$ cat model-v9.tsv   # TSV, C-alpha atoms and all ligand atoms
chain	number	residue	atom	x	y	z
L	1	MET	CA	-91.19	-135.71	-168.58
L	2	ARG	CA	-90.25	-132.29	-169.94
L	3	GLU	CA	-91.02	-128.93	-168.35
L	4	ALA	CA	-90.04	-125.29	-168.95
L	5	VAL	CA	-88.54	-123.71	-165.86
L	6	VAL	CA	-87.71	-120.19	-164.77
L	7	THR	CA	-84.30	-120.61	-163.11
L	8	GLN	CA	-83.66	-116.90	-162.64
L	9	LEU	CA	-86.02	-113.92	-162.95
L	10	GLY	CA	-85.49	-112.16	-166.27
L	11	ALA	CA	-83.54	-115.06	-167.83
L	12	PRO	CA	-84.81	-117.30	-170.65
L	13	LEU	CA	-86.74	-120.37	-169.53
L	14	GLU	CA	-84.93	-123.72	-169.58
L	15	VAL	CA	-86.64	-126.80	-170.98
L	16	ARG	CA	-85.44	-129.79	-168.96
L	17	GLU	CA	-86.17	-133.43	-168.30
L	18	VAL	CA	-87.42	-134.21	-164.76
L	19	PRO	CA	-88.95	-137.26	-163.02
L	20	VAL	CA	-92.74	-137.60	-163.17
L	21	PRO	CA	-94.13	-136.34	-159.81
L	22	GLU	CA	-96.33	-138.51	-157.56
L	23	PRO	CA	-99.62	-136.93	-156.45
L	24	GLY	CA	-99.83	-136.25	-152.70
L	25	ALA	CA	-103.00	-136.41	-150.60
L	26	GLY	CA	-105.81	-134.45	-152.24
L	27	GLN	CA	-103.93	-134.05	-155.52
L	28	VAL	CA	-104.37	-135.24	-159.08
L	29	ARG	CA	-101.65	-135.69	-161.67
L	30	VAL	CA	-102.68	-134.30	-165.03
L	31	ARG	CA	-101.15	-135.21	-168.40
L	32	LEU	CA	-101.39	-131.88	-170.18
L	33	GLU	CA	-102.74	-131.59	-173.69
L	34	ALA	CA	-102.67	-127.80	-173.97
L	35	SER	CA	-101.26	-124.96	-171.92
L	36	GLY	CA	-101.99	-121.33	-172.75
L	37	ILE	CA	-99.40	-118.57	-172.52
L	38	CYS	CA	-100.91	-115.75	-170.47
L	39	HIS	CA	-99.10	-112.41	-170.31
L	40	THR	CA	-99.02	-113.00	-166.54
L	41	ASP	CA	-96.48	-115.79	-167.15
L	42	ILE	CA	-94.17	-113.23	-168.75
L	43	HIS	CA	-94.61	-110.87	-165.78
L	44	ALA	CA	-93.87	-113.86	-163.51
L	45	ALA	CA	-90.72	-114.90	-165.37
L	46	ASN	CA	-89.47	-111.30	-165.32
L	47	GLY	CA	-90.39	-110.67	-161.68
L	48	ASP	CA	-92.43	-107.62	-162.74
L	49	TRP	CA	-94.75	-107.44	-159.73
L	50	PRO	CA	-94.31	-106.39	-156.08
L	51	VAL	CA	-94.76	-109.98	-154.83
L	52	LYS	CA	-92.25	-112.02	-156.84
L	53	PRO	CA	-92.24	-115.77	-157.44
L	54	SER	CA	-89.17	-117.73	-156.23
L	55	PRO	CA	-87.16	-119.56	-158.89
L	56	PRO	CA	-86.94	-122.29	-159.84
L	57	PHE	CA	-90.61	-122.47	-160.82
L	58	VAL	CA	-92.70	-123.68	-163.74
L	59	PRO	CA	-95.11	-121.02	-165.07
L	60	GLY	CA	-98.48	-121.64	-166.70
L	61	HIS	CA	-102.05	-121.42	-165.38
L	62	GLU	CA	-104.10	-122.21	-168.47
L	63	GLY	CA	-103.46	-125.96	-168.33
L	64	VAL	CA	-105.86	-128.52	-169.78
L	65	GLY	CA	-105.33	-132.26	-169.75
L	66	VAL	CA	-106.42	-135.68	-168.53
L	67	VAL	CA	-106.20	-136.88	-164.94
L	68	GLU	CA	-103.89	-139.91	-164.97
L	69	ALA	CA	-103.27	-140.53	-161.26
L	70	VAL	CA	-104.83	-139.49	-157.96
L	71	GLY	CA	-103.41	-139.13	-154.45
L	72	ALA	CA	-104.91	-140.30	-151.16
L	73	GLY	CA	-108.47	-139.18	-150.58
L	74	VAL	CA	-109.28	-138.46	-154.23
L	75	ASP	CA	-111.94	-140.55	-155.98
L	76	PRO	CA	-110.15	-142.85	-158.50
L	77	ALA	CA	-113.18	-142.37	-160.80
L	78	ARG	CA	-111.64	-139.05	-161.73
L	79	ILE	CA	-108.87	-140.83	-163.64
L	80	GLY	CA	-109.46	-140.36	-167.35
L	81	THR	CA	-111.50	-137.15	-166.98
L	82	ARG	CA	-110.39	-133.92	-168.62
L	83	VAL	CA	-109.79	-130.91	-166.39
L	84	ALA	CA	-108.56	-127.31	-166.48
L	85	ILE	CA	-105.93	-126.05	-164.03
L	86	PRO	CA	-106.49	-122.34	-163.35
L	87	TRP	CA	-104.55	-119.55	-161.60
L	88	LEU	CA	-106.42	-120.30	-158.34
L	89	GLY	CA	-104.44	-123.44	-157.55
L	90	ARG	CA	-106.09	-123.70	-154.18
L	91	ALA	CA	-107.74	-121.61	-151.50
L	92	CYS	CA	-108.47	-122.28	-147.80
L	93	GLY	CA	-112.15	-123.09	-148.37
L	94	GLU	CA	-113.15	-121.66	-144.96
L	95	CYS	CA	-112.52	-117.92	-144.78
L	96	SER	CA	-115.23	-115.31	-145.27
L	97	TYR	CA	-114.20	-114.90	-148.92
L	98	CYS	CA	-114.15	-118.62	-149.67
L	99	VAL	CA	-117.58	-119.23	-148.17
L	100	SER	CA	-119.21	-116.22	-149.84
L	101	GLY	CA	-118.36	-116.94	-153.48
L	102	TRP	CA	-115.14	-114.92	-153.46
L	103	GLU	CA	-112.53	-117.69	-153.26
L	104	THR	CA	-110.43	-115.61	-155.66
L	105	LEU	CA	-109.85	-113.14	-152.79
L	106	CYS	CA	-108.78	-115.81	-150.25
L	107	GLU	CA	-105.70	-114.63	-148.35
L	108	ARG	CA	-104.39	-118.18	-148.10
L	109	GLN	CA	-104.62	-119.00	-151.82
L	110	ARG	CA	-101.80	-120.56	-153.83
L	111	ASN	CA	-101.40	-119.59	-157.46
L	112	THR	CA	-100.59	-122.02	-160.24
L	113	GLY	CA	-97.39	-121.18	-162.09
L	114	TYR	CA	-96.49	-118.56	-159.48
L	115	SER	CA	-96.45	-119.90	-155.91
L	116	VAL	CA	-96.85	-123.54	-157.01
L	117	ASP	CA	-95.44	-125.14	-160.18
L	118	GLY	CA	-97.69	-124.72	-163.17
L	119	CYS	CA	-98.57	-126.07	-166.56
L	120	TYR	CA	-95.57	-125.52	-168.89
L	121	ALA	CA	-94.96	-129.24	-168.37
L	122	GLU	CA	-96.01	-132.55	-169.86
L	123	GLN	CA	-97.41	-133.58	-166.49
L	124	THR	CA	-98.21	-131.58	-163.39
L	125	LEU	CA	-99.85	-131.91	-159.99
L	126	ALA	CA	-102.92	-129.95	-158.96
L	127	ASP	CA	-105.35	-129.75	-156.03
L	128	ALA	CA	-108.27	-132.03	-156.95
L	129	ARG	CA	-110.80	-129.54	-155.50
L	130	TYR	CA	-109.67	-126.59	-157.62
L	131	VAL	CA	-109.40	-128.16	-161.07
L	132	VAL	CA	-112.51	-127.65	-163.20
L	133	PRO	CA	-114.04	-130.31	-165.50
L	134	VAL	CA	-113.87	-129.49	-169.21
L	135	PRO	CA	-117.04	-130.46	-171.11
L	136	ASP	CA	-116.79	-132.68	-174.22
L	137	GLY	CA	-117.84	-129.91	-176.58
L	138	VAL	CA	-114.76	-127.81	-175.79
L	139	SER	CA	-111.38	-128.76	-177.34
L	140	SER	CA	-108.31	-128.64	-175.10
L	141	VAL	CA	-106.70	-125.93	-177.27
L	142	ASP	CA	-109.82	-123.77	-176.85
L	143	ALA	CA	-110.24	-124.63	-173.16
L	144	ALA	CA	-106.72	-123.44	-172.33
L	145	PRO	CA	-107.20	-119.69	-173.05
L	146	LEU	CA	-110.68	-119.86	-171.50
L	147	THR	CA	-109.10	-121.07	-168.24
L	148	CYS	CA	-107.55	-117.65	-167.54
L	149	ALA	CA	-108.20	-115.13	-170.34
L	150	GLY	CA	-111.80	-116.31	-170.62
L	151	VAL	CA	-112.78	-116.57	-166.98
L	152	THR	CA	-110.98	-113.32	-166.11
L	153	THR	CA	-112.81	-111.21	-168.67
L	154	TYR	CA	-116.11	-113.02	-168.12
L	155	LYS	CA	-115.79	-112.01	-164.46
L	156	ALA	CA	-114.77	-108.46	-165.37
L	157	VAL	CA	-117.96	-108.07	-167.41
L	158	LYS	CA	-119.97	-109.49	-164.50
L	159	VAL	CA	-118.27	-107.22	-161.96
L	160	ALA	CA	-118.96	-104.22	-164.20
L	161	GLY	CA	-122.62	-105.20	-164.27
L	162	VAL	CA	-122.85	-104.59	-168.03
L	163	ARG	CA	-126.47	-104.08	-169.08
L	164	SER	CA	-127.85	-104.33	-172.60
L	165	ALA	CA	-127.28	-101.29	-174.83
L	166	GLU	CA	-124.48	-99.98	-172.62
L	167	ARG	CA	-121.24	-99.00	-174.36
L	168	VAL	CA	-118.29	-101.13	-173.29
L	169	ALA	CA	-114.77	-100.10	-174.28
L	170	VAL	CA	-112.16	-102.83	-174.14
L	171	PHE	CA	-108.58	-101.56	-173.96
L	172	GLY	CA	-106.15	-104.18	-175.27
L	173	ILE	CA	-107.37	-106.87	-177.68
L	174	GLY	CA	-104.95	-109.63	-176.77
L	175	GLY	CA	-105.62	-112.95	-175.08
L	176	LEU	CA	-107.91	-111.32	-172.52
L	177	GLY	CA	-109.36	-108.54	-174.64
L	178	HIS	CA	-110.57	-110.68	-177.56
L	179	LEU	CA	-112.71	-112.62	-175.09
L	180	ALA	CA	-113.76	-109.52	-173.09
L	181	LEU	CA	-115.31	-108.17	-176.30
L	182	GLN	CA	-117.33	-111.33	-176.76
L	183	TYR	CA	-118.60	-111.44	-173.16
L	184	ALA	CA	-119.56	-107.76	-173.35
L	185	ARG	CA	-121.59	-108.56	-176.48
L	186	ILE	CA	-123.21	-111.58	-174.81
L	187	ALA	CA	-124.29	-109.24	-171.98
L	188	GLY	CA	-125.89	-107.03	-174.65
L	189	GLY	CA	-123.33	-104.25	-174.74
L	190	PHE	CA	-122.20	-102.19	-177.71
L	191	THR	CA	-118.44	-102.54	-177.93
L	192	VAL	CA	-115.45	-100.37	-178.70
L	193	ALA	CA	-112.09	-102.12	-179.17
L	194	VAL	CA	-108.87	-100.22	-178.52
L	195	ASP	CA	-105.39	-101.53	-179.33
L	196	VAL	CA	-102.11	-100.29	-180.80
L	197	GLU	CA	-101.86	-103.03	-183.46
L	198	ALA	CA	-103.93	-102.85	-186.66
L	199	ALA	CA	-104.20	-106.66	-186.79
L	200	LYS	CA	-105.81	-106.75	-183.33
L	201	LEU	CA	-108.41	-104.23	-184.45
L	202	GLU	CA	-109.11	-106.26	-187.57
L	203	LEU	CA	-109.66	-109.28	-185.31
L	204	ALA	CA	-111.95	-107.18	-183.08
L	205	ARG	CA	-114.08	-106.27	-186.11
L	206	GLU	CA	-114.30	-109.95	-187.10
L	207	LEU	CA	-115.48	-110.69	-183.57
L	208	GLY	CA	-118.24	-108.11	-183.92
L	209	ALA	CA	-116.83	-104.95	-182.32
L	210	ASP	CA	-119.05	-101.97	-183.13
L	211	HIS	CA	-116.13	-99.52	-183.19
L	212	THR	CA	-112.36	-99.83	-183.18
L	213	VAL	CA	-109.72	-97.26	-182.27
L	214	ASN	CA	-106.00	-97.54	-182.95
L	215	ALA	CA	-104.42	-95.85	-179.91
L	216	ALA	CA	-101.07	-95.65	-181.71
L	217	GLU	CA	-102.62	-93.39	-184.36
L	218	GLY	CA	-105.73	-91.77	-182.94
L	219	ASP	CA	-106.95	-90.59	-179.55
L	220	PRO	CA	-109.21	-93.22	-178.00
L	221	VAL	CA	-110.51	-90.77	-175.39
L	222	ALA	CA	-111.71	-88.27	-177.99
L	223	GLU	CA	-113.15	-90.99	-180.24
L	224	ILE	CA	-115.03	-92.74	-177.43
L	225	ARG	CA	-116.30	-89.42	-176.02
L	226	ALA	CA	-117.52	-88.52	-179.49
L	227	LEU	CA	-119.67	-91.66	-179.36
L	228	GLY	CA	-121.12	-90.46	-176.03
L	229	GLY	CA	-118.51	-91.96	-173.68
L	230	ALA	CA	-118.18	-95.45	-172.29
L	231	ASP	CA	-120.47	-96.82	-169.59
L	232	VAL	CA	-117.84	-99.43	-168.87
L	233	ALA	CA	-114.13	-99.47	-169.70
L	234	ILE	CA	-112.23	-102.72	-169.24
L	235	ALA	CA	-108.48	-102.09	-169.04
L	236	THR	CA	-106.58	-105.23	-170.07
L	237	ALA	CA	-103.45	-103.75	-171.68
L	238	ALA	CA	-100.33	-103.81	-169.50
L	239	SER	CA	-99.85	-100.07	-170.09
L	240	PRO	CA	-100.48	-97.33	-167.47
L	241	ARG	CA	-101.23	-94.88	-170.29
L	242	SER	CA	-104.00	-97.15	-171.52
L	243	PHE	CA	-105.51	-97.23	-168.00
L	244	ARG	CA	-105.64	-93.44	-167.94
L	245	GLN	CA	-107.31	-93.41	-171.34
L	246	ALA	CA	-109.81	-96.01	-170.18
L	247	PHE	CA	-110.70	-93.82	-167.20
L	248	GLU	CA	-110.96	-90.67	-169.30
L	249	SER	CA	-113.19	-92.33	-171.88
L	250	LEU	CA	-115.96	-92.93	-169.30
L	251	ARG	CA	-119.22	-91.05	-169.29
L	252	ARG	CA	-120.90	-89.99	-166.06
L	253	GLY	CA	-121.81	-92.99	-163.90
L	254	GLY	CA	-119.20	-95.04	-165.73
L	255	ARG	CA	-117.26	-98.00	-164.34
L	256	LEU	CA	-113.58	-98.64	-164.88
L	257	VAL	CA	-112.60	-102.28	-164.43
L	258	CYS	CA	-108.86	-102.72	-163.85
L	259	VAL	CA	-107.68	-106.10	-165.12
L	260	GLY	CA	-104.24	-105.68	-166.71
L	261	LEU	CA	-101.26	-105.68	-164.36
L	262	PRO	CA	-98.51	-103.44	-165.74
L	263	ALA	CA	-95.11	-103.57	-164.01
L	264	ASP	CA	-94.97	-100.72	-161.46
L	265	GLY	CA	-98.51	-99.79	-162.46
L	266	ARG	CA	-99.87	-96.58	-160.94
L	267	LEU	CA	-103.16	-94.94	-161.73
L	268	GLU	CA	-103.60	-91.36	-160.58
L	269	LEU	CA	-107.22	-90.25	-160.50
L	270	PRO	CA	-108.69	-86.75	-160.29
L	271	VAL	CA	-110.87	-87.08	-157.18
L	272	PHE	CA	-113.05	-84.17	-158.30
L	273	ASP	CA	-114.03	-85.96	-161.53
L	274	VAL	CA	-114.52	-89.31	-159.80
L	275	VAL	CA	-116.91	-87.69	-157.31
L	276	LEU	CA	-118.83	-85.33	-159.55
L	277	LYS	CA	-119.18	-87.85	-162.35
L	278	GLY	CA	-120.06	-90.74	-160.02
L	279	ILE	CA	-117.32	-92.95	-161.42
L	280	SER	CA	-116.64	-96.43	-160.00
L	281	VAL	CA	-113.18	-97.98	-160.18
L	282	VAL	CA	-112.98	-101.67	-159.47
L	283	GLY	CA	-110.23	-104.29	-159.64
L	284	SER	CA	-111.09	-107.74	-160.96
L	285	ILE	CA	-108.95	-110.82	-160.42
L	286	VAL	CA	-109.56	-114.01	-162.47
L	287	GLY	CA	-112.82	-115.81	-161.62
L	288	THR	CA	-114.11	-118.67	-159.48
L	289	ARG	CA	-114.53	-122.33	-160.40
L	290	ALA	CA	-118.22	-121.61	-160.91
L	291	ASP	CA	-117.40	-118.74	-163.29
L	292	LEU	CA	-115.11	-121.03	-165.29
L	293	ALA	CA	-117.84	-123.67	-165.57
L	294	GLU	CA	-120.10	-120.96	-167.04
L	295	VAL	CA	-117.35	-119.90	-169.46
L	296	PHE	CA	-117.03	-123.50	-170.67
L	297	ALA	CA	-120.81	-123.85	-170.97
L	298	LEU	CA	-121.01	-120.74	-173.16
L	299	HIS	CA	-118.20	-122.02	-175.36
L	300	ALA	CA	-119.70	-125.52	-175.66
L	301	ALA	CA	-122.93	-123.82	-176.80
L	302	GLY	CA	-121.05	-122.01	-179.57
L	303	ARG	CA	-121.40	-118.52	-178.05
L	304	THR	CA	-117.68	-117.69	-178.00
L	305	GLU	CA	-114.73	-118.11	-180.31
L	306	VAL	CA	-111.17	-118.65	-179.10
L	307	VAL	CA	-108.52	-117.27	-181.43
L	308	ALA	CA	-105.28	-119.13	-180.77
L	309	GLN	CA	-102.22	-120.61	-182.45
L	310	THR	CA	-100.28	-123.57	-181.09
L	311	ARG	CA	-96.59	-123.84	-180.29
L	312	GLU	CA	-94.19	-126.49	-178.99
L	313	LEU	CA	-92.89	-126.42	-175.42
L	314	GLU	CA	-89.36	-125.83	-176.80
L	315	GLU	CA	-90.60	-122.61	-178.46
L	316	VAL	CA	-91.56	-121.01	-175.15
L	317	ASN	CA	-88.95	-118.23	-175.20
L	318	ASP	CA	-89.73	-117.29	-178.81
L	319	SER	CA	-93.41	-117.36	-177.89
L	320	PHE	CA	-92.86	-114.86	-175.07
L	321	ALA	CA	-91.12	-112.56	-177.59
L	322	GLU	CA	-94.04	-112.90	-180.00
L	323	VAL	CA	-96.53	-111.92	-177.28
L	324	LEU	CA	-94.41	-108.91	-176.25
L	325	ASP	CA	-94.16	-107.77	-179.88
L	326	GLY	CA	-97.95	-107.89	-180.23
L	327	ARG	CA	-97.63	-110.33	-183.14
L	328	VAL	CA	-99.99	-112.93	-181.70
L	329	PRO	CA	-103.59	-113.44	-182.87
L	330	ALA	CA	-104.76	-113.55	-179.96
L	331	ARG	CA	-103.38	-116.33	-177.70
L	332	LEU	CA	-100.51	-118.82	-178.03
L	333	VAL	CA	-101.11	-122.29	-176.66
L	334	ILE	CA	-98.41	-124.89	-176.05
L	335	ARG	CA	-99.66	-128.21	-177.42
L	336	PHE	CA	-98.27	-131.44	-176.01
L	401	LIG	P1	-101.69	-109.82	-174.32
L	401	LIG	O1	-100.28	-109.45	-174.51
L	401	LIG	O2	-102.23	-111.03	-174.99
L	401	LIG	O3	-102.65	-108.60	-174.72
L	401	LIG	C1	-102.36	-107.27	-174.44
L	401	LIG	C2	-102.92	-106.43	-175.58
L	401	LIG	O4	-102.75	-105.05	-175.24
L	401	LIG	C3	-102.18	-106.65	-176.90
L	401	LIG	O5	-103.11	-106.87	-177.93
L	401	LIG	C4	-101.43	-105.33	-177.10
L	401	LIG	O6	-101.26	-105.01	-178.48
L	401	LIG	C5	-102.35	-104.35	-176.40
L	401	LIG	N1	-101.72	-103.09	-175.99
L	401	LIG	C6	-100.46	-102.88	-175.58
L	401	LIG	N2	-100.27	-101.58	-175.29
L	401	LIG	C7	-101.46	-100.96	-175.50
L	401	LIG	C8	-101.92	-99.63	-175.35
L	401	LIG	N3	-101.11	-98.65	-174.94
L	401	LIG	N4	-103.21	-99.36	-175.67
L	401	LIG	C9	-104.04	-100.34	-176.10
L	401	LIG	N5	-103.66	-101.63	-176.25
L	401	LIG	C10	-102.39	-101.93	-175.95
L	401	LIG	O7	-101.88	-109.95	-172.72
L	401	LIG	P2	-103.03	-110.73	-171.91
L	401	LIG	O8	-102.60	-112.15	-171.70
L	401	LIG	O9	-104.33	-110.42	-172.50
L	401	LIG	O10	-102.87	-110.04	-170.47
L	401	LIG	C11	-103.06	-108.65	-170.33
L	401	LIG	C12	-102.77	-108.19	-168.91
L	401	LIG	O11	-103.73	-108.73	-168.02
L	401	LIG	C13	-101.42	-108.62	-168.34
L	401	LIG	O12	-100.87	-107.57	-167.58
L	401	LIG	C14	-101.76	-109.80	-167.46
L	401	LIG	O13	-100.83	-110.02	-166.43
L	401	LIG	C15	-103.08	-109.33	-166.91
L	401	LIG	N6	-103.97	-110.39	-166.40
L	401	LIG	C16	-104.77	-110.05	-165.36
L	401	LIG	C17	-105.64	-110.99	-164.87
L	401	LIG	C18	-106.56	-110.65	-163.76
L	401	LIG	O14	-107.14	-111.56	-163.17
L	401	LIG	N7	-106.75	-109.40	-163.42
L	401	LIG	C19	-105.70	-112.28	-165.43
L	401	LIG	C20	-104.87	-112.55	-166.51
L	401	LIG	C21	-104.03	-111.60	-166.99
L	402	ZN	ZN	-103.55	-115.54	-166.78
L	403	ZN	ZN	-110.13	-118.70	-148.03
$ encode --input "model-v9.tsv" --output "structure tokens" --more "lines below"
Ligand code: NAD
Ligand code: ZN
Ligand code: ZN
Amino acid sequence: MREAVVTQLGAPLEVREVPVPEPGAGQVRVRLEASGICHTDIHAANGDWPVKPSPPFVPGHEGVGVVEAVGAGVDPARIGTRVAIPWLGRACGECSYCVSGWETLCERQRNTGYSVDGCYAEQTLADARYVVPVPDGVSSVDAAPLTCAGVTTYKAVKVAGVRSAERVAVFGIGGLGHLALQYARIAGGFTVAVDVEAAKLELARELGADHTVNAAEGDPVAEIRALGGADVAIATAASPRSFRQAFESLRRGGRLVCVGLPADGRLELPVFDVVLKGISVVGSIVGTRADLAEVFALHAAGRTEVVAQTRELEEVNDSFAEVLDGRVPARLVIRF
């Protein structure tokens, strides 16, 4: 089988031929049909974050495919079913976070495509308990971006507690942002889309954004304040400047949801404003298996649209460049 491997942080990925792995106890082997390229994979390959992955490793945590083999202790009836392999590769299942619906905060979690090999591969192994069934009404190419970009922004909207008629500003209309907009609308919010690429703003309008702001040309803070300010700002762009703008665009009582993970990201906040304006700042990391099942249910019911183009595994390095250049509408998905 073929896989794309990071052999050295910051170096191009290598596509190589390796033996098909055998599932261990509690694992499934999945033959991938689609594997989304999340911006996180680029951060991983570059070693952008404080906790770095150790090469060699296979990135990818938006994997969707068919279970073709199971290890000891896994019901063989699962063979032939279609599953999604998310960022939360596994968690301990017993800590206070795991048992209270916050498995995404488990301190003993392993992350797909970061601390365990991921989905830029024709076949991969996954923990049978942490893969999520994909319903028939959702294609594999659509399911892939939903597996991280979808569940992450669905959770961000939940964490923000968006209520109908609130104004939700989404900063960054990429893989995550184009879905954040849609979940904010499903929750009943009015939406403002902010990006630095005209094509992303055009896409946002097609997806029903009420307002768009090009942060490369105009001032999103002034424009959003002129509308009355944002009740919720969801920061998905990997740009510290964009986080500051998201914060400054809030009205009193507003909530900033930090989602993007810029390299060396720092956010300095004026305590006086945070206190007097009653601002909440919250971090949001992916979503649980239950959240992902809800994301799939919404998509199967026709409530969301995934905007993606497909690529070959061999095109992975060019695909990273396309994402970094902002030329992608809105997600690239490796199709096998
Ligand atoms: P992406 O590259 O698809 O989208 C980023 C978007 O931001 C692009 O449309 C780009 O044009 C836009 N942008 C860039 N600079 C901007 C600026 N200054 N102002 C406004 N828009 C700007 O990336 P993605 O896959 O959507 O991921 C975004 C970030 O979220 C990454 O840092 C990724 O690691 C992180 N992420 C976080 C989680 C989480 O659970 N918190 C999950 C997945 C990804
Ligand atoms: Zn991701
Ligand atoms: Zn745990």
$ residues_near_ligand --input "model-v9.tsv" --ligand "ligand ZN 403 (chain L)" --cutoff "12 Å" --atoms "all atoms listed in the file" --output "ChimeraX atom specification"
/L:88,90-110
$ write_last_selection --input "model-v9.tsv" --atoms "C-alpha atoms" --output "PDB file, in the coordinates of the input"
ATOM      1  CA  LEU L  88    -106.420-120.300-158.340  1.00  0.00           C
ATOM      2  CA  ARG L  90    -106.090-123.700-154.180  1.00  0.00           C
ATOM      3  CA  ALA L  91    -107.740-121.610-151.500  1.00  0.00           C
ATOM      4  CA  CYS L  92    -108.470-122.280-147.800  1.00  0.00           C
ATOM      5  CA  GLY L  93    -112.150-123.090-148.370  1.00  0.00           C
ATOM      6  CA  GLU L  94    -113.150-121.660-144.960  1.00  0.00           C
ATOM      7  CA  CYS L  95    -112.520-117.920-144.780  1.00  0.00           C
ATOM      8  CA  SER L  96    -115.230-115.310-145.270  1.00  0.00           C
ATOM      9  CA  TYR L  97    -114.200-114.900-148.920  1.00  0.00           C
ATOM     10  CA  CYS L  98    -114.150-118.620-149.670  1.00  0.00           C
ATOM     11  CA  VAL L  99    -117.580-119.230-148.170  1.00  0.00           C
ATOM     12  CA  SER L 100    -119.210-116.220-149.840  1.00  0.00           C
ATOM     13  CA  GLY L 101    -118.360-116.940-153.480  1.00  0.00           C
ATOM     14  CA  TRP L 102    -115.140-114.920-153.460  1.00  0.00           C
ATOM     15  CA  GLU L 103    -112.530-117.690-153.260  1.00  0.00           C
ATOM     16  CA  THR L 104    -110.430-115.610-155.660  1.00  0.00           C
ATOM     17  CA  LEU L 105    -109.850-113.140-152.790  1.00  0.00           C
ATOM     18  CA  CYS L 106    -108.780-115.810-150.250  1.00  0.00           C
ATOM     19  CA  GLU L 107    -105.700-114.630-148.350  1.00  0.00           C
ATOM     20  CA  ARG L 108    -104.390-118.180-148.100  1.00  0.00           C
ATOM     21  CA  GLN L 109    -104.620-119.000-151.820  1.00  0.00           C
ATOM     22  CA  ARG L 110    -101.800-120.560-153.830  1.00  0.00           C
TER      23      ARG L 110
END
$ closest_residue --input "model-v9.tsv" --among "L:Leu176, L:Ala184, L:Ala25, L:Leu201" --to "Ala128 in chain L" --atoms "all atoms listed in the file"
L:Ala25
$ residues_near_ligand --input "model-v9.tsv" --ligand "ligand LIG 401 (chain L)" --cutoff "8 Å" --atoms "all atoms listed in the file" --output "PyMOL selection string"
chain L and resi 37-43+148-149+152-153+171-177+194-197+200+214-216+236-242+258-263+283-287+323-328+330-331
$ atom_distance --input "model-v9.tsv" --atom1 "CA of Pro145 in chain L" --atom2 "CA of Glu202 in chain L"
19.9 Å
$ atom_distance --input "model-v9.tsv" --atom1 "CA of Val168 in chain L" --atom2 "CA of Asp273 in chain L"
19.7 Å
$ closest_residue --input "model-v9.tsv" --among "L:Ile186, L:Leu256, L:Ala230, L:Cys119" --to "His299 in chain L" --atoms "all atoms listed in the file"
L:Ile186
$ closest_residue --input "model-v9.tsv" --among "L:Ala126, L:Pro50, L:Tyr120, L:Ala11" --to "Gly71 in chain L" --atoms "all atoms listed in the file"
L:Ala126
$ residues_near_point --input "model-v9.tsv" --point "(-99.2, -121.5, -178.4)" --cutoff "8 Å" --atoms "all atoms listed in the file" --output "list in words"
Ser35, Gly36, Ile37, Ala308, Gln309, Thr310, Arg311, Glu312, Ser319, Arg331, Leu332, Val333, Ile334 and Arg335 of chain L
$ closest_residue --input "model-v9.tsv" --among "L:Gly60, L:Gly73, L:Pro329, L:Gly89" --to "ligand ZN 402 (chain L)" --atoms "all atoms listed in the file"
L:Gly60
$ residues_around --input "model-v9.tsv" --residues "Ser280 in chain L" --least-positions-apart "3" --cutoff "9 Å" --atoms "only C-alpha atoms" --output "ChimeraX atom specification"
/L:253-257,274
$ write_last_selection --input "model-v9.tsv" --atoms "C-alpha atoms" --output "compact mmCIF listing (two decimals), keeping the file's coordinate frame"
# COMPACT_ATOMS: atom_id res chain seq x y z
CA GLY L 253 -121.81 -92.99 -163.90
CA GLY L 254 -119.20 -95.04 -165.73
CA ARG L 255 -117.26 -98.00 -164.34
CA LEU L 256 -113.58 -98.64 -164.88
CA VAL L 257 -112.60 -102.28 -164.43
CA VAL L 274 -114.52 -89.31 -159.80
$ residues_around --input "model-v9.tsv" --residues "Val6 in chain L" --least-positions-apart "2" --cutoff "12 Å" --atoms "all atoms listed in the file" --output "PyMOL selection string"
chain L and resi 3-4+8-16+41-47+53-60+113-114+117-118+120+316-317
$ write_last_selection --input "model-v9.tsv" --atoms "C-alpha atoms" --output "short mmCIF file (atom, residue, chain, number, x, y, z; two decimals), keeping the file's coordinate frame"
data_model
loop_
_atom_site.label_atom_id
_atom_site.label_comp_id
_atom_site.auth_asym_id
_atom_site.auth_seq_id
_atom_site.Cartn_x
_atom_site.Cartn_y
_atom_site.Cartn_z
CA GLU L 3 -91.02 -128.93 -168.35
CA ALA L 4 -90.04 -125.29 -168.95
CA GLN L 8 -83.66 -116.90 -162.64
CA LEU L 9 -86.02 -113.92 -162.95
CA GLY L 10 -85.49 -112.16 -166.27
CA ALA L 11 -83.54 -115.06 -167.83
CA PRO L 12 -84.81 -117.30 -170.65
CA LEU L 13 -86.74 -120.37 -169.53
CA GLU L 14 -84.93 -123.72 -169.58
CA VAL L 15 -86.64 -126.80 -170.98
CA ARG L 16 -85.44 -129.79 -168.96
CA ASP L 41 -96.48 -115.79 -167.15
CA ILE L 42 -94.17 -113.23 -168.75
CA HIS L 43 -94.61 -110.87 -165.78
CA ALA L 44 -93.87 -113.86 -163.51
CA ALA L 45 -90.72 -114.90 -165.37
CA ASN L 46 -89.47 -111.30 -165.32
CA GLY L 47 -90.39 -110.67 -161.68
CA PRO L 53 -92.24 -115.77 -157.44
CA SER L 54 -89.17 -117.73 -156.23
CA PRO L 55 -87.16 -119.56 -158.89
CA PRO L 56 -86.94 -122.29 -159.84
CA PHE L 57 -90.61 -122.47 -160.82
CA VAL L 58 -92.70 -123.68 -163.74
CA PRO L 59 -95.11 -121.02 -165.07
CA GLY L 60 -98.48 -121.64 -166.70
CA GLY L 113 -97.39 -121.18 -162.09
CA TYR L 114 -96.49 -118.56 -159.48
CA ASP L 117 -95.44 -125.14 -160.18
CA GLY L 118 -97.69 -124.72 -163.17
CA TYR L 120 -95.57 -125.52 -168.89
CA VAL L 316 -91.56 -121.01 -175.15
CA ASN L 317 -88.95 -118.23 -175.20
#
